[in-house]
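Okay, coords_14.pdb now, which holds PDB, N, CA and C atoms:
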ATOM      1  N   MET A 289      32.601  65.683 -56.958
ATOM      2  CA  MET A 289      33.518  64.748 -57.585
ATOM      3  C   MET A 289      34.811  65.482 -57.959
ATOM      4  N   ASN A 290      35.928  64.898 -57.647
ATOM      5  CA  ASN A 290      37.224  65.507 -57.931
ATOM      6  C   ASN A 290      37.639  65.272 -59.377
ATOM      7  N   THR A 291      38.253  66.268 -59.966
ATOM      8  CA  THR A 291      38.794  66.168 -61.314
ATOM      9  C   THR A 291      40.124  65.436 -61.254
ATOM     10  N   ASP A 292      40.359  64.526 -62.192
ATOM     11  CA  ASP A 292      41.648  63.843 -62.283
ATOM     12  C   ASP A 292      42.547  64.675 -63.192
ATOM     13  N   TRP A 293      43.291  65.601 -62.613
ATOM     14  CA  TRP A 293      44.126  66.529 -63.372
ATOM     15  C   TRP A 293      45.276  65.842 -64.085
ATOM     16  N   HIS A 294      45.533  64.580 -63.732
ATOM     17  CA  HIS A 294      46.600  63.832 -64.400
ATOM     18  C   HIS A 294      46.172  63.334 -65.772
ATOM     19  N   SER A 295      44.872  63.069 -65.957
ATOM     20  CA  SER A 295      44.488  62.381 -67.187
ATOM     21  C   SER A 295      43.350  63.023 -67.977
ATOM     22  N   ILE A 296      42.683  64.046 -67.444
ATOM     23  CA  ILE A 296      41.587  64.636 -68.220
ATOM     24  C   ILE A 296      42.121  65.348 -69.452
ATOM     25  N   GLU A 297      41.272  65.469 -70.448
ATOM     26  CA  GLU A 297      41.619  66.276 -71.610
ATOM     27  C   GLU A 297      41.293  67.726 -71.250
ATOM     28  N   ILE A 298      42.309  68.545 -71.125
ATOM     29  CA  ILE A 298      42.139  69.931 -70.695
ATOM     30  C   ILE A 298      41.897  70.812 -71.908
ATOM     31  N   SER A 299      40.901  71.677 -71.794
ATOM     32  CA  SER A 299      40.638  72.684 -72.826
ATOM     33  C   SER A 299      40.564  74.044 -72.143
ATOM     34  N   ARG A 300      40.442  75.084 -72.936
ATOM     35  CA  ARG A 300      40.308  76.430 -72.367
ATOM     36  C   ARG A 300      39.048  76.541 -71.514
ATOM     37  N   ALA A 301      38.047  75.704 -71.779
ATOM     38  CA  ALA A 301      36.776  75.760 -71.039
ATOM     39  C   ALA A 301      36.784  74.923 -69.761
ATOM     40  N   THR A 302      37.844  74.153 -69.513
ATOM     41  CA  THR A 302      37.904  73.303 -68.320
ATOM     42  C   THR A 302      37.902  74.173 -67.063
ATOM     43  N   PRO A 303      36.917  73.964 -66.170
ATOM     44  CA  PRO A 303      36.885  74.772 -64.942
ATOM     45  C   PRO A 303      37.983  74.353 -63.968
ATOM     46  N   VAL A 304      38.530  75.332 -63.269
ATOM     47  CA  VAL A 304      39.489  75.069 -62.192
ATOM     48  C   VAL A 304      38.655  74.858 -60.937
ATOM     49  N   ASP A 305      38.743  73.659 -60.379
ATOM     50  CA  ASP A 305      37.945  73.345 -59.195
ATOM     51  C   ASP A 305      38.839  73.200 -57.963
ATOM     52  N   ALA A 306      38.223  72.867 -56.858
ATOM     53  CA  ALA A 306      38.954  72.765 -55.593
ATOM     54  C   ALA A 306      39.998  71.656 -55.600
ATOM     55  N   SER A 307      39.882  70.695 -56.533
ATOM     56  CA  SER A 307      40.844  69.597 -56.584
ATOM     57  C   SER A 307      42.012  69.891 -57.522
ATOM     58  N   TYR A 308      42.118  71.122 -58.024
ATOM     59  CA  TYR A 308      43.163  71.491 -58.975
ATOM     60  C   TYR A 308      44.548  71.117 -58.464
ATOM     61  N   LYS A 309      45.364  70.559 -59.375
ATOM     62  CA  LYS A 309      46.759  70.223 -59.075
ATOM     63  C   LYS A 309      47.624  70.652 -60.257
ATOM     64  N   ASN A 310      48.838  71.105 -59.976
ATOM     65  CA  ASN A 310      49.808  71.460 -61.013
ATOM     66  C   ASN A 310      50.475  70.183 -61.518
ATOM     67  N   THR A 311      49.821  69.494 -62.434
ATOM     68  CA  THR A 311      50.331  68.222 -62.944
ATOM     69  C   THR A 311      51.073  68.423 -64.265
ATOM     70  N   GLN A 312      51.738  67.369 -64.723
ATOM     71  CA  GLN A 312      52.384  67.410 -66.038
ATOM     72  C   GLN A 312      51.352  67.663 -67.125
ATOM     73  N   ASN A 313      50.150  67.131 -66.960
ATOM     74  CA  ASN A 313      49.074  67.339 -67.921
ATOM     75  C   ASN A 313      48.722  68.831 -68.003
ATOM     76  N   VAL A 314      48.629  69.486 -66.864
ATOM     77  CA  VAL A 314      48.350  70.928 -66.817
ATOM     78  C   VAL A 314      49.519  71.691 -67.449
ATOM     79  N   ARG A 315      50.729  71.308 -67.115
ATOM     80  CA  ARG A 315      51.918  71.976 -67.668
ATOM     81  C   ARG A 315      51.947  71.847 -69.194
ATOM     82  N   ARG A 316      51.615  70.662 -69.725
ATOM     83  CA  ARG A 316      51.569  70.476 -71.180
ATOM     84  C   ARG A 316      50.543  71.417 -71.810
ATOM     85  N   PHE A 317      49.340  71.488 -71.215
ATOM     86  CA  PHE A 317      48.302  72.378 -71.738
ATOM     87  C   PHE A 317      48.785  73.824 -71.737
ATOM     88  N   LEU A 318      49.349  74.264 -70.624
ATOM     89  CA  LEU A 318      49.770  75.661 -70.514
ATOM     90  C   LEU A 318      50.972  75.966 -71.408
ATOM     91  N   THR A 319      51.827  75.002 -71.655
ATOM     92  CA  THR A 319      52.940  75.207 -72.582
ATOM     93  C   THR A 319      52.413  75.402 -73.999
ATOM     94  N   VAL A 320      51.407  74.639 -74.383
ATOM     95  CA  VAL A 320      50.784  74.820 -75.703
ATOM     96  C   VAL A 320      50.137  76.198 -75.786
ATOM     97  N   GLU A 321      49.409  76.592 -74.755
ATOM     98  CA  GLU A 321      48.690  77.867 -74.752
ATOM     99  C   GLU A 321      49.611  79.080 -74.634
ATOM    100  N   CYS A 322      50.679  78.945 -73.850
ATOM    101  CA  CYS A 322      51.500  80.104 -73.481
ATOM    102  C   CYS A 322      52.887  80.103 -74.115
ATOM    103  N   GLY A 323      53.319  78.988 -74.671
ATOM    104  CA  GLY A 323      54.632  78.913 -75.283
ATOM    105  C   GLY A 323      55.629  78.172 -74.410
ATOM    106  N   ASP A 324      56.781  77.904 -75.012
ATOM    107  CA  ASP A 324      57.818  77.123 -74.333
ATOM    108  C   ASP A 324      58.371  77.819 -73.090
ATOM    109  N   GLY A 325      58.189  79.101 -72.962
ATOM    110  CA  GLY A 325      58.674  79.822 -71.798
ATOM    111  C   GLY A 325      57.798  79.683 -70.574
ATOM    112  N   PHE A 326      56.691  78.933 -70.682
ATOM    113  CA  PHE A 326      55.783  78.800 -69.538
ATOM    114  C   PHE A 326      56.486  78.149 -68.363
ATOM    115  N   LYS A 327      56.255  78.690 -67.174
ATOM    116  CA  LYS A 327      56.662  78.037 -65.930
ATOM    117  C   LYS A 327      55.792  78.570 -64.806
ATOM    118  N   PHE A 328      55.627  77.744 -63.786
ATOM    119  CA  PHE A 328      54.873  78.135 -62.598
ATOM    120  C   PHE A 328      55.770  78.959 -61.684
ATOM    121  N   ASP A 329      55.167  79.889 -60.954
ATOM    122  CA  ASP A 329      55.848  80.533 -59.831
ATOM    123  C   ASP A 329      54.842  80.597 -58.683
ATOM    124  N   ARG A 330      55.320  80.908 -57.513
ATOM    125  CA  ARG A 330      54.468  80.850 -56.318
ATOM    126  C   ARG A 330      53.267  81.784 -56.388
ATOM    127  N   ASP A 331      53.484  83.007 -56.829
ATOM    128  CA  ASP A 331      52.373  83.959 -56.909
ATOM    129  C   ASP A 331      51.314  83.481 -57.895
ATOM    130  N   PHE A 332      51.752  82.957 -59.027
ATOM    131  CA  PHE A 332      50.816  82.472 -60.038
ATOM    132  C   PHE A 332      50.051  81.259 -59.516
ATOM    133  N   MET A 333      50.737  80.334 -58.867
ATOM    134  CA  MET A 333      50.063  79.162 -58.310
ATOM    135  C   MET A 333      49.054  79.578 -57.241
ATOM    136  N   ALA A 334      49.389  80.582 -56.434
ATOM    137  CA  ALA A 334      48.447  81.081 -55.426
ATOM    138  C   ALA A 334      47.222  81.692 -56.099
ATOM    139  N   TRP A 335      47.433  82.417 -57.191
ATOM    140  CA  TRP A 335      46.313  83.008 -57.917
ATOM    141  C   TRP A 335      45.394  81.920 -58.469
ATOM    142  N   ILE A 336      45.982  80.849 -59.022
ATOM    143  CA  ILE A 336      45.169  79.754 -59.563
ATOM    144  C   ILE A 336      44.283  79.171 -58.464
ATOM    145  N   GLY A 337      44.837  78.971 -57.288
ATOM    146  CA  GLY A 337      44.116  78.315 -56.200
ATOM    147  C   GLY A 337      43.376  79.238 -55.258
ATOM    148  N   ASN A 338      43.106  80.478 -55.658
ATOM    149  CA  ASN A 338      42.506  81.445 -54.733
ATOM    150  C   ASN A 338      41.010  81.262 -54.503
ATOM    151  N   GLY A 339      40.386  80.268 -55.128
ATOM    152  CA  GLY A 339      38.975  79.982 -54.889
ATOM    153  C   GLY A 339      38.008  80.745 -55.773
ATOM    154  N   GLU A 340      38.517  81.671 -56.577
ATOM    155  CA  GLU A 340      37.642  82.402 -57.501
ATOM    156  C   GLU A 340      37.346  81.529 -58.712
ATOM    157  N   HIS A 341      36.140  81.690 -59.268
ATOM    158  CA  HIS A 341      35.765  80.924 -60.451
ATOM    159  C   HIS A 341      36.669  81.305 -61.617
ATOM    160  N   LYS A 342      37.238  80.276 -62.258
ATOM    161  CA  LYS A 342      38.058  80.517 -63.450
ATOM    162  C   LYS A 342      38.132  79.241 -64.260
ATOM    163  N   THR A 343      38.501  79.388 -65.521
ATOM    164  CA  THR A 343      38.724  78.247 -66.401
ATOM    165  C   THR A 343      40.209  78.164 -66.715
ATOM    166  N   MET A 344      40.605  77.086 -67.357
ATOM    167  CA  MET A 344      42.003  76.963 -67.756
ATOM    168  C   MET A 344      42.358  78.010 -68.806
ATOM    169  N   GLY A 345      41.397  78.457 -69.587
ATOM    170  CA  GLY A 345      41.637  79.569 -70.513
ATOM    171  C   GLY A 345      41.976  80.835 -69.753
ATOM    172  N   ASP A 346      41.256  81.084 -68.648
ATOM    173  CA  ASP A 346      41.555  82.247 -67.803
ATOM    174  C   ASP A 346      42.971  82.141 -67.233
ATOM    175  N   VAL A 347      43.358  80.925 -66.846
ATOM    176  CA  VAL A 347      44.694  80.700 -66.282
ATOM    177  C   VAL A 347      45.760  81.041 -67.326
ATOM    178  N   ALA A 348      45.586  80.537 -68.545
ATOM    179  CA  ALA A 348      46.546  80.829 -69.615
ATOM    180  C   ALA A 348      46.596  82.322 -69.912
ATOM    181  N   ASP A 349      45.442  82.959 -69.970
ATOM    182  CA  ASP A 349      45.388  84.398 -70.254
ATOM    183  C   ASP A 349      46.082  85.207 -69.161
ATOM    184  N   GLU A 350      45.892  84.796 -67.895
ATOM    185  CA  GLU A 350      46.520  85.505 -66.786
ATOM    186  C   GLU A 350      48.036  85.359 -66.832
ATOM    187  N   TRP A 351      48.532  84.165 -67.167
ATOM    188  CA  TRP A 351      49.984  83.992 -67.264
ATOM    189  C   TRP A 351      50.548  84.904 -68.338
ATOM    190  N   ARG A 352      49.884  84.949 -69.499
ATOM    191  CA  ARG A 352      50.359  85.820 -70.579
ATOM    192  C   ARG A 352      50.281  87.290 -70.171
ATOM    193  N   ARG A 353      49.235  87.668 -69.451
ATOM    194  CA  ARG A 353      49.096  89.052 -68.971
ATOM    195  C   ARG A 353      50.253  89.404 -68.035
ATOM    196  N   ARG A 354      50.570  88.507 -67.122
ATOM    197  CA  ARG A 354      51.670  88.745 -66.182
ATOM    198  C   ARG A 354      53.012  88.834 -66.901
ATOM    199  N   ARG A 355      53.220  88.011 -67.889
ATOM    200  CA  ARG A 355      54.478  88.036 -68.655
ATOM    201  C   ARG A 355      54.596  89.322 -69.476
ATOM    202  N   ALA A 356      53.481  89.834 -69.990
ATOM    203  CA  ALA A 356      53.498  91.052 -70.790
ATOM    204  C   ALA A 356      53.957  92.237 -69.945
ATOM    205  N   GLY A 357      53.722  92.181 -68.649
ATOM    206  CA  GLY A 357      54.088  93.255 -67.755
ATOM    207  C   GLY A 357      55.526  93.212 -67.282
ATOM    208  N   LYS A 358      56.278  92.161 -67.677
ATOM    209  CA  LYS A 358      57.670  92.025 -67.244
ATOM    210  C   LYS A 358      58.605  92.435 -68.357
ATOM    211  N   ALA A 359      59.641  93.135 -68.013
ATOM    212  CA  ALA A 359      60.671  93.522 -69.000
ATOM    213  C   ALA A 359      61.466  92.280 -69.374
ATOM    214  N   SER A 360      61.828  92.167 -70.624
ATOM    215  CA  SER A 360      62.612  91.008 -71.083
ATOM    216  C   SER A 360      64.088  91.223 -70.858
TER
END
Transcribe the structure of this file into structure tokens.
Amino acid sequence: MNTDWHSIEISRATPVDASYKNTQNVRRFLTVECGDGFKFDRDFMAWIGNGEHKTMGDVADEWRRRRAGKAS
């Protein structure tokens, strides 16, 4: 069964499945988790969709990890 990424209530425990989409709902969740500076980029989107098991909490943590490694 496909997840409706447009309308589900997303939590840190929500699994990223094969039907994952970068929706406004996902963007809202990640903005809350990561701050107003959150934005998608191609490498990050590829990492999300790489088929490895992960949750939305893992996604938020990875974005913050990647940002920590960049000079401001």
message = For the provided coordinates, the residues matched by the PyMOL selection byres ((chain A and resi 306) around 8) should be stated as a list in words.
response =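 The output of the PyMOL selection byres ((chain A and resi 306) around 8) on this file is Asn290, Thr291, Pro303, Val304, Asp305, Ser307, Tyr308, Lys309, Gly337 and Gly339 of chain A.
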inquiry  = Among chain A, which ones does DSSP assign to helix (DSSP H, G or I) (computed from the backbone)? Answer as a VMD selection string.
reply    = chain A and resid 312 to 322 330 to 336 344 to 356
Sorted by chain and rising residue number, list the residues of region 324-358 of chain A at most 8 Å from region 297-302 of chain A (counting all atoms listed in the file), each with its closest atom pair and distance in Å to one decimal, as CSV.
residue,atom,partner,partner_atom,distance
A:Lys342,C,A:Thr302,C,5.8
A:Thr343,CA,A:Thr302,C,4.2
A:Met344,N,A:Thr302,C,4.0
A:Gly345,N,A:Arg300,C,3.6
A:Asp346,N,A:Arg300,C,5.8
A:Val347,N,A:Arg300,C,7.7
A:Ala348,N,A:Arg300,CA,7.7
request  = Pull out every residue that the PyMOL selection byres ((chain A and resi 312-319) around 6.5) matches in the shown coordinates and put them as a ChimeraX atom specification.
outcome  = /A:293-295,310-311,320-324,326,348
Extending 6 Å beyond the listed atoms of region 304-310 of chain A on each side, what axis-aligned box results? I want centre and edge lengths in Å to one decimal, as lines of an AutoDock Vina configuration file.
center_x = 44.2
center_y = 72.5
center_z = -59.4
size_x = 24.5
size_y = 17.7
size_z = 19.7
task = Could you tell me how far CA of Gly325 (chain A) lies from atom C of Trp351 (chain A), in Å and to one decimal?
result =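 Separation of CA of Gly325 (chain A) and atom C of Trp351 (chain A): 10.2 Å.
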Answer as a PyMOL selection string, residues within 12 Å of (53.1, 86.1, -61.8) using only C-alpha atoms = chain A and resi 326-336+347-358
Using the atoms already present, construct N, CA, C and O atoms for region 291-312 of chain A and hand them back as a PDB file, keeping the file's coordinate frame.
ATOM      1  N   THR A 291      38.253  66.268 -59.966  1.00  0.00           N
ATOM      2  CA  THR A 291      38.794  66.168 -61.314  1.00  0.00           C
ATOM      3  C   THR A 291      40.124  65.436 -61.254  1.00  0.00           C
ATOM      4  O   THR A 291      40.944  65.697 -60.375  1.00  0.00           O
ATOM      5  N   ASP A 292      40.359  64.526 -62.192  1.00  0.00           N
ATOM      6  CA  ASP A 292      41.648  63.843 -62.283  1.00  0.00           C
ATOM      7  C   ASP A 292      42.547  64.675 -63.192  1.00  0.00           C
ATOM      8  O   ASP A 292      42.558  64.504 -64.409  1.00  0.00           O
ATOM      9  N   TRP A 293      43.291  65.601 -62.613  1.00  0.00           N
ATOM     10  CA  TRP A 293      44.126  66.529 -63.372  1.00  0.00           C
ATOM     11  C   TRP A 293      45.276  65.842 -64.085  1.00  0.00           C
ATOM     12  O   TRP A 293      45.902  66.414 -64.962  1.00  0.00           O
ATOM     13  N   HIS A 294      45.533  64.580 -63.732  1.00  0.00           N
ATOM     14  CA  HIS A 294      46.600  63.832 -64.400  1.00  0.00           C
ATOM     15  C   HIS A 294      46.172  63.334 -65.772  1.00  0.00           C
ATOM     16  O   HIS A 294      47.016  63.191 -66.650  1.00  0.00           O
ATOM     17  N   SER A 295      44.872  63.069 -65.957  1.00  0.00           N
ATOM     18  CA  SER A 295      44.488  62.381 -67.187  1.00  0.00           C
ATOM     19  C   SER A 295      43.350  63.023 -67.977  1.00  0.00           C
ATOM     20  O   SER A 295      43.091  62.578 -69.086  1.00  0.00           O
ATOM     21  N   ILE A 296      42.683  64.046 -67.444  1.00  0.00           N
ATOM     22  CA  ILE A 296      41.587  64.636 -68.220  1.00  0.00           C
ATOM     23  C   ILE A 296      42.121  65.348 -69.452  1.00  0.00           C
ATOM     24  O   ILE A 296      43.283  65.758 -69.490  1.00  0.00           O
ATOM     25  N   GLU A 297      41.272  65.469 -70.448  1.00  0.00           N
ATOM     26  CA  GLU A 297      41.619  66.276 -71.610  1.00  0.00           C
ATOM     27  C   GLU A 297      41.293  67.726 -71.250  1.00  0.00           C
ATOM     28  O   GLU A 297      40.130  68.085 -71.068  1.00  0.00           O
ATOM     29  N   ILE A 298      42.309  68.545 -71.125  1.00  0.00           N
ATOM     30  CA  ILE A 298      42.139  69.931 -70.695  1.00  0.00           C
ATOM     31  C   ILE A 298      41.897  70.812 -71.908  1.00  0.00           C
ATOM     32  O   ILE A 298      42.599  70.705 -72.910  1.00  0.00           O
ATOM     33  N   SER A 299      40.901  71.677 -71.794  1.00  0.00           N
ATOM     34  CA  SER A 299      40.638  72.684 -72.826  1.00  0.00           C
ATOM     35  C   SER A 299      40.564  74.044 -72.143  1.00  0.00           C
ATOM     36  O   SER A 299      40.576  74.141 -70.913  1.00  0.00           O
ATOM     37  N   ARG A 300      40.442  75.084 -72.936  1.00  0.00           N
ATOM     38  CA  ARG A 300      40.308  76.430 -72.367  1.00  0.00           C
ATOM     39  C   ARG A 300      39.048  76.541 -71.514  1.00  0.00           C
ATOM     40  O   ARG A 300      38.992  77.352 -70.602  1.00  0.00           O
ATOM     41  N   ALA A 301      38.047  75.704 -71.779  1.00  0.00           N
ATOM     42  CA  ALA A 301      36.776  75.760 -71.039  1.00  0.00           C
ATOM     43  C   ALA A 301      36.784  74.923 -69.761  1.00  0.00           C
ATOM     44  O   ALA A 301      35.844  74.999 -68.968  1.00  0.00           O
ATOM     45  N   THR A 302      37.844  74.153 -69.513  1.00  0.00           N
ATOM     46  CA  THR A 302      37.904  73.303 -68.320  1.00  0.00           C
ATOM     47  C   THR A 302      37.902  74.173 -67.063  1.00  0.00           C
ATOM     48  O   THR A 302      38.767  75.036 -66.897  1.00  0.00           O
ATOM     49  N   PRO A 303      36.917  73.964 -66.170  1.00  0.00           N
ATOM     50  CA  PRO A 303      36.885  74.772 -64.942  1.00  0.00           C
ATOM     51  C   PRO A 303      37.983  74.353 -63.968  1.00  0.00           C
ATOM     52  O   PRO A 303      38.324  73.175 -63.864  1.00  0.00           O
ATOM     53  N   VAL A 304      38.530  75.332 -63.269  1.00  0.00           N
ATOM     54  CA  VAL A 304      39.489  75.069 -62.192  1.00  0.00           C
ATOM     55  C   VAL A 304      38.655  74.858 -60.937  1.00  0.00           C
ATOM     56  O   VAL A 304      37.929  75.749 -60.513  1.00  0.00           O
ATOM     57  N   ASP A 305      38.743  73.659 -60.379  1.00  0.00           N
ATOM     58  CA  ASP A 305      37.945  73.345 -59.195  1.00  0.00           C
ATOM     59  C   ASP A 305      38.839  73.200 -57.963  1.00  0.00           C
ATOM     60  O   ASP A 305      40.049  73.401 -58.038  1.00  0.00           O
ATOM     61  N   ALA A 306      38.223  72.867 -56.858  1.00  0.00           N
ATOM     62  CA  ALA A 306      38.954  72.765 -55.593  1.00  0.00           C
ATOM     63  C   ALA A 306      39.998  71.656 -55.600  1.00  0.00           C
ATOM     64  O   ALA A 306      40.934  71.678 -54.802  1.00  0.00           O
ATOM     65  N   SER A 307      39.882  70.695 -56.533  1.00  0.00           N
ATOM     66  CA  SER A 307      40.844  69.597 -56.584  1.00  0.00           C
ATOM     67  C   SER A 307      42.012  69.891 -57.522  1.00  0.00           C
ATOM     68  O   SER A 307      42.843  69.015 -57.757  1.00  0.00           O
ATOM     69  N   TYR A 308      42.118  71.122 -58.024  1.00  0.00           N
ATOM     70  CA  TYR A 308      43.163  71.491 -58.975  1.00  0.00           C
ATOM     71  C   TYR A 308      44.548  71.117 -58.464  1.00  0.00           C
ATOM     72  O   TYR A 308      44.876  71.313 -57.296  1.00  0.00           O
ATOM     73  N   LYS A 309      45.364  70.559 -59.375  1.00  0.00           N
ATOM     74  CA  LYS A 309      46.759  70.223 -59.075  1.00  0.00           C
ATOM     75  C   LYS A 309      47.624  70.652 -60.257  1.00  0.00           C
ATOM     76  O   LYS A 309      47.220  70.564 -61.406  1.00  0.00           O
ATOM     77  N   ASN A 310      48.838  71.105 -59.976  1.00  0.00           N
ATOM     78  CA  ASN A 310      49.808  71.460 -61.013  1.00  0.00           C
ATOM     79  C   ASN A 310      50.475  70.183 -61.518  1.00  0.00           C
ATOM     80  O   ASN A 310      51.548  69.830 -61.077  1.00  0.00           O
ATOM     81  N   THR A 311      49.821  69.494 -62.434  1.00  0.00           N
ATOM     82  CA  THR A 311      50.331  68.222 -62.944  1.00  0.00           C
ATOM     83  C   THR A 311      51.073  68.423 -64.265  1.00  0.00           C
ATOM     84  O   THR A 311      51.025  69.493 -64.865  1.00  0.00           O
ATOM     85  N   GLN A 312      51.738  67.369 -64.723  1.00  0.00           N
ATOM     86  CA  GLN A 312      52.384  67.410 -66.038  1.00  0.00           C
ATOM     87  C   GLN A 312      51.352  67.663 -67.125  1.00  0.00           C
ATOM     88  O   GLN A 312      51.635  68.339 -68.109  1.00  0.00           O
TER      89      GLN A 312
END
